[in-house]
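Have a look at final35.cif below; it lists mmCIF, C-alpha atoms.
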data_final
#
loop_
_atom_site.group_PDB
_atom_site.id
_atom_site.type_symbol
_atom_site.label_atom_id
_atom_site.label_comp_id
_atom_site.auth_asym_id
_atom_site.auth_seq_id
_atom_site.Cartn_x
_atom_site.Cartn_y
_atom_site.Cartn_z
ATOM 1 C CA MET A 17 59.603 363.039 89.690
ATOM 2 C CA LYS A 18 58.334 363.894 93.138
ATOM 3 C CA ALA A 19 57.317 361.029 95.400
ATOM 4 C CA THR A 20 56.325 360.726 99.021
ATOM 5 C CA ILE A 21 57.540 357.902 101.241
ATOM 6 C CA GLY A 22 55.951 358.065 104.659
ATOM 7 C CA ASN A 23 55.563 361.802 104.951
ATOM 8 C CA LYS A 24 58.888 362.657 103.328
ATOM 9 C CA GLU A 25 58.751 364.143 99.863
ATOM 10 C CA LEU A 26 61.612 363.085 97.628
ATOM 11 C CA ASN A 27 62.797 364.096 94.188
ATOM 12 C CA LEU A 28 63.528 360.811 92.404
ATOM 13 C CA LYS A 29 65.114 360.273 89.003
ATOM 14 C CA GLY A 30 65.138 357.188 86.824
ATOM 15 C CA ASP A 31 64.437 355.840 83.363
ATOM 16 C CA ASP A 32 60.960 354.531 84.139
ATOM 17 C CA GLU A 33 58.683 356.812 86.151
ATOM 18 C CA ASN A 34 55.988 354.138 86.278
ATOM 19 C CA LEU A 35 58.449 351.710 87.873
ATOM 20 C CA ILE A 36 59.499 354.374 90.381
ATOM 21 C CA ALA A 37 55.857 355.092 91.256
ATOM 22 C CA LEU A 38 55.118 351.382 91.744
ATOM 23 C CA SER A 39 58.244 351.004 93.875
ATOM 24 C CA VAL A 40 57.265 353.957 96.056
ATOM 25 C CA LYS A 41 53.804 352.428 96.429
ATOM 26 C CA LYS A 42 55.387 349.125 97.553
ATOM 27 C CA VAL A 43 57.605 350.867 100.115
ATOM 28 C CA ASN A 44 54.633 352.784 101.503
ATOM 29 C CA PHE A 45 52.600 349.576 101.647
ATOM 30 C CA GLU A 46 55.376 347.892 103.629
ATOM 31 C CA LEU A 47 55.594 350.889 105.974
ATOM 32 C CA ASN A 48 51.838 350.767 106.508
ATOM 33 C CA SER A 49 51.971 347.029 107.190
ATOM 34 C CA LEU A 50 54.520 347.756 109.936
ATOM 35 C CA GLY A 51 52.084 350.183 111.544
ATOM 36 C CA TYR A 52 53.477 353.486 110.292
ATOM 37 C CA LYS A 53 50.850 356.117 109.539
ATOM 38 C CA LYS A 54 50.819 358.002 106.255
ATOM 39 C CA ASP A 55 51.750 361.282 107.957
ATOM 40 C CA GLU A 56 54.488 359.703 110.075
ATOM 41 C CA GLU A 57 58.139 359.850 109.071
ATOM 42 C CA PRO A 58 59.645 356.371 109.394
ATOM 43 C CA ASP A 59 62.711 355.917 111.563
ATOM 44 C CA VAL A 60 65.825 354.046 110.514
ATOM 45 C CA THR A 61 64.574 350.808 112.098
ATOM 46 C CA GLY A 62 61.347 351.012 110.104
ATOM 47 C CA LEU A 63 63.226 351.578 106.880
ATOM 48 C CA ILE A 64 65.560 348.662 107.626
ATOM 49 C CA LEU A 65 62.549 346.411 108.268
ATOM 50 C CA VAL A 66 61.013 347.542 104.977
ATOM 51 C CA ALA A 67 64.284 346.764 103.188
ATOM 52 C CA LEU A 68 64.416 343.318 104.813
ATOM 53 C CA ASN A 69 60.786 342.565 103.937
ATOM 54 C CA LEU A 70 61.316 343.563 100.318
ATOM 55 C CA ALA A 71 64.617 341.650 100.119
ATOM 56 C CA GLU A 72 62.910 338.541 101.505
ATOM 57 C CA LYS A 73 60.184 338.800 98.863
ATOM 58 C CA LEU A 74 62.845 339.233 96.175
ATOM 59 C CA VAL A 75 64.790 336.171 97.352
ATOM 60 C CA LYS A 76 61.600 334.079 97.378
ATOM 61 C CA LEU A 77 60.809 335.167 93.812
ATOM 62 C CA GLU A 78 64.376 334.442 92.670
ATOM 63 C CA ASN A 79 64.171 330.965 94.231
ATOM 64 C CA LYS A 80 60.830 330.352 92.536
ATOM 65 C CA ILE A 81 62.311 331.391 89.177
ATOM 66 C CA GLN A 82 65.309 329.083 89.674
ATOM 67 C CA GLU A 83 63.018 326.152 90.481
ATOM 68 C CA SER A 84 60.897 326.911 87.408
ATOM 69 C CA GLU A 85 64.030 327.061 85.245
ATOM 70 C CA LYS A 86 65.230 323.706 86.597
ATOM 71 C CA GLN A 87 61.829 322.146 85.911
ATOM 72 C CA LEU A 88 61.753 323.602 82.407
ATOM 73 C CA ILE A 89 65.260 322.309 81.633
ATOM 74 C CA LYS A 90 64.270 318.858 82.910
ATOM 75 C CA GLU A 91 61.126 318.815 80.748
ATOM 76 C CA ILE A 92 63.030 319.990 77.662
ATOM 77 C CA ALA A 93 65.647 317.271 78.203
ATOM 78 C CA GLU A 94 62.894 314.656 78.519
ATOM 79 C CA MET A 95 61.204 315.880 75.327
ATOM 80 C CA SER A 96 64.518 315.984 73.508
ATOM 81 C CA GLY A 97 65.258 312.412 74.555
ATOM 82 C CA TYR A 98 61.806 311.313 73.424
ATOM 83 C CA VAL A 99 62.214 312.988 70.034
ATOM 84 C CA GLU A 100 65.691 311.496 69.506
ATOM 85 C CA LYS A 101 64.489 308.035 70.479
ATOM 86 C CA ASN A 102 61.287 308.013 68.449
ATOM 87 C CA PHE A 103 61.965 310.211 65.425
ATOM 88 C CA LYS A 104 65.535 309.521 64.436
#
Could you show the structure in this file as structure tokens?
Amino acid sequence: MKATIGNKELNLKGDDENLIALSVKKVNFELNSLGYKKDEEPDVTGLILVALNLAEKLVKLENKIQESEKQLIKEIAEMSGYVEKNFK
């Protein structure tokens, strides 16, 4: 599939074209948030900043998932203890 990042057209391949399109949209959004214009080709520094911004968002989401998993495990253990205590 053809996709444009900044003003550079790329030929991208993958299993899920919708995922690729959404990913390209995210990269372009990050470039725009850094002040790059749609018709401007980003430099290496801009692309590194985009990568760092996206990596930071990923790490935050992974941390949030880990905290949710810990909370879920704690709640399941509490429920399990309650059931064992009251319904055995």
Item to check | Explicit residue set for the PyMOL selection byres ((chain A and resi 18) around 12), as a PyMOL selection string | outcome: chain A and resi 17+19-21+24-30+33+36-37+40
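The neighbours of Asp59 of chain A here are the residues that come within 10 Å of it, using all atoms listed in the file and leaving out any residue fewer than 5 positions away in the same chain; they are Gly22, Tyr52 and Ile64 of chain A.
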Item to check | Selection result for the PyMOL selection byres ((chain A and resi 47) around 12) on this file, as a VMD selection string | outcome: chain A and resid 21 to 23 40 to 46 48 to 70
